[in-house]
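See below for work31.pdb, which holds PDB, C-alpha atoms, pLDDT in the B column.
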```
ATOM      1  CA  MET A 749      16.372 215.283  61.890  1.00 44.00           C
ATOM      2  CA  THR A 750      15.202 211.671  61.924  1.00 45.00           C
ATOM      3  CA  ALA A 751      17.018 209.133  64.088  1.00 53.00           C
ATOM      4  CA  ILE A 752      17.981 205.914  62.375  1.00 65.00           C
ATOM      5  CA  SER A 753      17.147 202.933  64.548  1.00 71.00           C
ATOM      6  CA  GLU A 754      20.061 200.801  65.600  1.00 79.00           C
ATOM      7  CA  GLN A 755      20.426 197.362  64.124  1.00 91.00           C
ATOM      8  CA  HIS A 756      22.071 194.472  65.902  1.00 94.00           C
ATOM      9  CA  ALA A 757      23.748 191.261  64.841  1.00 95.00           C
ATOM     10  CA  HIS A 758      23.436 188.464  67.420  1.00 97.00           C
ATOM     11  CA  VAL A 759      26.290 186.020  67.948  1.00 98.00           C
ATOM     12  CA  THR A 760      26.116 182.646  69.732  1.00 97.00           C
ATOM     13  CA  TRP A 761      28.279 179.535  69.839  1.00 98.00           C
ATOM     14  CA  VAL A 762      27.629 176.704  67.416  1.00 97.00           C
ATOM     15  CA  PRO A 763      26.568 173.837  69.727  1.00 96.00           C
ATOM     16  CA  GLY A 764      29.391 171.384  70.379  1.00 95.00           C
ATOM     17  CA  SER A 765      32.021 173.731  68.972  1.00 94.00           C
ATOM     18  CA  MET A 766      34.865 175.553  70.648  1.00 93.00           C
ATOM     19  CA  ASP A 767      35.894 177.704  67.695  1.00 96.00           C
ATOM     20  CA  ARG A 768      32.755 178.274  65.585  1.00 97.00           C
ATOM     21  CA  VAL A 769      30.105 180.936  66.163  1.00 98.00           C
ATOM     22  CA  ARG A 770      26.725 181.565  64.608  1.00 97.00           C
ATOM     23  CA  ILE A 771      25.871 185.137  63.669  1.00 97.00           C
ATOM     24  CA  ALA A 772      22.284 186.133  62.929  1.00 96.00           C
ATOM     25  CA  PHE A 773      21.216 189.391  61.304  1.00 94.00           C
ATOM     26  CA  ARG A 774      17.754 190.105  59.938  1.00 90.00           C
ATOM     27  CA  THR A 775      16.639 186.777  58.437  1.00 92.00           C
ATOM     28  CA  VAL A 776      20.125 185.436  57.608  1.00 93.00           C
ATOM     29  CA  THR A 777      22.268 183.170  59.799  1.00 95.00           C
ATOM     30  CA  ARG A 778      25.874 182.309  59.065  1.00 96.00           C
ATOM     31  CA  GLU A 779      28.663 180.377  60.781  1.00 96.00           C
ATOM     32  CA  LEU A 780      32.117 181.892  61.243  1.00 95.00           C
ATOM     33  CA  SER A 781      35.296 180.989  63.053  1.00 97.00           C
ATOM     34  CA  ILE A 782      35.948 182.848  66.294  1.00 97.00           C
ATOM     35  CA  THR A 783      39.071 184.273  64.624  1.00 96.00           C
ATOM     36  CA  ARG A 784      37.018 185.749  61.778  1.00 96.00           C
ATOM     37  CA  LEU A 785      34.541 187.200  64.284  1.00 95.00           C
ATOM     38  CA  GLY A 786      37.433 189.014  65.968  1.00 96.00           C
ATOM     39  CA  ARG A 787      38.650 190.419  62.668  1.00 95.00           C
ATOM     40  CA  VAL A 788      35.208 191.728  61.789  1.00 93.00           C
ATOM     41  CA  PHE A 789      33.891 192.965  65.169  1.00 95.00           C
ATOM     42  CA  GLY A 790      37.032 193.306  67.290  1.00 96.00           C
ATOM     43  CA  ARG A 791      38.394 191.943  70.520  1.00 96.00           C
ATOM     44  CA  GLN A 792      35.350 192.932  72.566  1.00 96.00           C
ATOM     45  CA  ALA A 793      33.246 190.452  70.589  1.00 96.00           C
ATOM     46  CA  ILE A 794      35.654 187.596  71.350  1.00 96.00           C
ATOM     47  CA  GLU A 795      35.805 188.536  75.027  1.00 97.00           C
ATOM     48  CA  ALA A 796      31.997 188.617  75.263  1.00 96.00           C
ATOM     49  CA  MET A 797      31.744 185.191  73.646  1.00 97.00           C
ATOM     50  CA  TYR A 798      34.187 183.576  76.074  1.00 95.00           C
ATOM     51  CA  LEU A 799      32.829 185.375  79.157  1.00 97.00           C
ATOM     52  CA  LYS A 800      29.070 185.388  78.441  1.00 97.00           C
ATOM     53  CA  GLY A 801      28.603 182.929  75.601  1.00 96.00           C
ATOM     54  CA  ARG A 802      26.817 185.487  73.434  1.00 97.00           C
ATOM     55  CA  HIS A 803      27.336 188.914  71.923  1.00 97.00           C
ATOM     56  CA  ARG A 804      25.146 191.621  70.429  1.00 96.00           C
ATOM     57  CA  GLN A 805      26.902 193.891  67.965  1.00 95.00           C
ATOM     58  CA  THR A 806      25.516 197.211  66.751  1.00 93.00           C
ATOM     59  CA  VAL A 807      25.963 197.375  62.986  1.00 91.00           C
ATOM     60  CA  PRO A 808      25.437 200.151  60.418  1.00 87.00           C
ATOM     61  CA  HIS A 809      22.292 200.107  58.298  1.00 81.00           C
ATOM     62  CA  THR A 810      24.461 199.177  55.291  1.00 84.00           C
ATOM     63  CA  PHE A 811      25.757 195.982  56.970  1.00 86.00           C
ATOM     64  CA  GLU A 812      25.204 192.777  55.004  1.00 84.00           C
ATOM     65  CA  LEU A 813      25.932 189.389  56.520  1.00 83.00           C
ATOM     66  CA  GLU A 814      26.701 187.889  53.117  1.00 76.00           C
ATOM     67  CA  GLU A 815      29.813 190.100  52.917  1.00 74.00           C
ATOM     68  CA  LEU A 816      31.555 188.284  55.773  1.00 74.00           C
TER      69      LEU A 816
END
```
Once more with this new file: its structure as structure tokens, please.
Amino acid sequence: MTAISEQHAHVTWVPGSMDRVRIAFRTVTRELSITRLGRVFGRQAIEAMYLKGRHRQTVPHTFELEEL
């Protein structure tokens, strides 16, 4: 059995913003509201953003950033 390597989406704040985040995955970067981030990745993503200022989310190999 071959292990599939984990993929991660990286989330940071948009500079100067209190409600917009930037999510990067592969070669694509997109801006979302913090509310949308919570709907997609859950409460733990919002908590990480407010407590640490960044978040790394494990995503399935079928994940596409354009679908957000």
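The residue that comes closest to Ser765 (chain A), out of A:Leu799, A:Leu816, A:Ile782, A:Val788 and on the basis of only C-alpha atoms, is A:Ile782.
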Q: Convert the output of the PyMOL selection byres ((chain A and resi 804) around 7) on the shown file into explicit residues, formatted as number ranges by chain.
A: A: 756-759, 803, 805-806
Q) Pick from A:Ser753, A:Glu795, A:Thr760, A:Val807: nearest to Leu780 (chain A), with all atoms listed in the file counted? A) A:Thr760
Q: Rank nothing, just name the residue among A:Pro763, A:Pro808, A:Gln755, A:Arg768 nearest to Ile794 (chain A), using only C-alpha atoms.
A: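 Ranking A:Pro763, A:Pro808, A:Gln755, A:Arg768 by distance to Ile794 (chain A), first place goes to A:Arg768.
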(Q) Report, in Å to a single decimal, how far apart CA of Trp761 (chain A) and CA of Arg778 (chain A) are. (A) 11.4 Å
Q. Looking at A:Thr777, A:Glu754, A:Val769, A:Glu814, which one is nearest to Tyr798 (chain A), with distances taken over all atoms listed in the file?
A.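 Looking at the shortest contact to Tyr798 (chain A), the residue is A:Val769.
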Q: Find, counting only C-alpha atoms, the residue in A:Thr783, A:Ala793, A:Arg774, A:Gly764 that gets nearest to Glu812 (chain A).
A: A:Arg774
Q. What does the distance between CA of Val776 (chain A) and CA of Phe789 (chain A) come to in Å, to one decimal place?
A.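 Separation between CA of Val776 (chain A) and CA of Phe789 (chain A): 17.4 Å.
Atom to atom, CA of Asp767 (chain A) and CA of His809 (chain A) stand 27.8 Å apart.
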Taking N, CA and C atoms as the atom set, what does region 772-801 of chain A look like once completed, written as an mmCIF file, in the coordinates of the input?
```
data_model
loop_
_atom_site.group_PDB
_atom_site.id
_atom_site.type_symbol
_atom_site.label_atom_id
_atom_site.label_comp_id
_atom_site.auth_asym_id
_atom_site.auth_seq_id
_atom_site.Cartn_x
_atom_site.Cartn_y
_atom_site.Cartn_z
ATOM 1 N N ALA A 772 23.600 185.946 63.534
ATOM 2 C CA ALA A 772 22.284 186.133 62.929
ATOM 3 C C ALA A 772 22.018 187.623 62.772
ATOM 4 N N PHE A 773 21.551 188.001 61.590
ATOM 5 C CA PHE A 773 21.216 189.391 61.304
ATOM 6 C C PHE A 773 20.046 189.393 60.329
ATOM 7 N N ARG A 774 19.008 190.106 60.693
ATOM 8 C CA ARG A 774 17.754 190.105 59.938
ATOM 9 C C ARG A 774 17.264 188.664 59.813
ATOM 10 N N THR A 775 17.136 188.148 58.618
ATOM 11 C CA THR A 775 16.639 186.777 58.437
ATOM 12 C C THR A 775 17.743 185.816 58.022
ATOM 13 N N VAL A 776 18.999 186.247 58.067
ATOM 14 C CA VAL A 776 20.125 185.436 57.608
ATOM 15 C C VAL A 776 20.946 184.976 58.809
ATOM 16 N N THR A 777 21.376 183.718 58.780
ATOM 17 C CA THR A 777 22.268 183.170 59.799
ATOM 18 C C THR A 777 23.472 182.576 59.094
ATOM 19 N N ARG A 778 24.645 182.803 59.678
ATOM 20 C CA ARG A 778 25.874 182.309 59.065
ATOM 21 C C ARG A 778 26.831 181.852 60.147
ATOM 22 N N GLU A 779 27.641 180.851 59.855
ATOM 23 C CA GLU A 779 28.663 180.377 60.781
ATOM 24 C C GLU A 779 30.019 180.947 60.395
ATOM 25 N N LEU A 780 30.771 181.348 61.431
ATOM 26 C CA LEU A 780 32.117 181.892 61.243
ATOM 27 C C LEU A 780 33.047 181.277 62.267
ATOM 28 N N SER A 781 34.334 181.369 62.018
ATOM 29 C CA SER A 781 35.296 180.989 63.053
ATOM 30 C C SER A 781 35.381 182.132 64.061
ATOM 31 N N ILE A 782 35.798 181.812 65.268
ATOM 32 C CA ILE A 782 35.948 182.848 66.294
ATOM 33 C C ILE A 782 37.022 183.852 65.881
ATOM 34 N N THR A 783 38.014 183.388 65.122
ATOM 35 C CA THR A 783 39.071 184.273 64.624
ATOM 36 C C THR A 783 38.493 185.295 63.657
ATOM 37 N N ARG A 784 37.646 184.842 62.747
ATOM 38 C CA ARG A 784 37.018 185.749 61.778
ATOM 39 C C ARG A 784 36.110 186.757 62.489
ATOM 40 N N LEU A 785 35.389 186.296 63.503
ATOM 41 C CA LEU A 785 34.541 187.200 64.284
ATOM 42 C C LEU A 785 35.377 188.331 64.869
ATOM 43 N N GLY A 786 36.550 187.994 65.403
ATOM 44 C CA GLY A 786 37.433 189.014 65.968
ATOM 45 C C GLY A 786 37.927 189.997 64.933
ATOM 46 N N ARG A 787 38.194 189.525 63.738
ATOM 47 C CA ARG A 787 38.650 190.419 62.668
ATOM 48 C C ARG A 787 37.553 191.376 62.234
ATOM 49 N N VAL A 788 36.321 190.899 62.250
ATOM 50 C CA VAL A 788 35.208 191.728 61.789
ATOM 51 C C VAL A 788 34.714 192.675 62.881
ATOM 52 N N PHE A 789 34.510 192.169 64.104
ATOM 53 C CA PHE A 789 33.891 192.965 65.169
ATOM 54 C C PHE A 789 34.837 193.380 66.286
ATOM 55 N N GLY A 790 36.060 192.872 66.293
ATOM 56 C CA GLY A 790 37.032 193.306 67.290
ATOM 57 C C GLY A 790 37.122 192.406 68.509
ATOM 58 N N ARG A 791 38.094 192.739 69.332
ATOM 59 C CA ARG A 791 38.394 191.943 70.520
ATOM 60 C C ARG A 791 37.240 191.871 71.505
ATOM 61 N N GLN A 792 36.456 192.933 71.608
ATOM 62 C CA GLN A 792 35.350 192.932 72.566
ATOM 63 C C GLN A 792 34.326 191.850 72.241
ATOM 64 N N ALA A 793 34.174 191.521 70.981
ATOM 65 C CA ALA A 793 33.246 190.452 70.589
ATOM 66 C C ALA A 793 33.764 189.096 71.054
ATOM 67 N N ILE A 794 35.064 188.859 70.896
ATOM 68 C CA ILE A 794 35.654 187.596 71.350
ATOM 69 C C ILE A 794 35.560 187.484 72.867
ATOM 70 N N GLU A 795 35.881 188.549 73.564
ATOM 71 C CA GLU A 795 35.805 188.536 75.027
ATOM 72 C C GLU A 795 34.388 188.243 75.504
ATOM 73 N N ALA A 796 33.392 188.859 74.882
ATOM 74 C CA ALA A 796 31.997 188.617 75.263
ATOM 75 C C ALA A 796 31.610 187.160 75.027
ATOM 76 N N MET A 797 32.077 186.584 73.931
ATOM 77 C CA MET A 797 31.744 185.191 73.646
ATOM 78 C C MET A 797 32.328 184.262 74.711
ATOM 79 N N TYR A 798 33.573 184.459 75.085
ATOM 80 C CA TYR A 798 34.187 183.576 76.074
ATOM 81 C C TYR A 798 33.658 183.828 77.487
ATOM 82 N N LEU A 799 33.303 185.069 77.808
ATOM 83 C CA LEU A 799 32.829 185.375 79.157
ATOM 84 C C LEU A 799 31.332 185.151 79.337
ATOM 85 N N LYS A 800 30.534 185.484 78.319
ATOM 86 C CA LYS A 800 29.070 185.388 78.441
ATOM 87 C C LYS A 800 28.442 184.324 77.553
ATOM 88 N N GLY A 801 29.146 183.923 76.513
ATOM 89 C CA GLY A 801 28.603 182.929 75.601
ATOM 90 C C GLY A 801 27.726 183.504 74.513
#
```
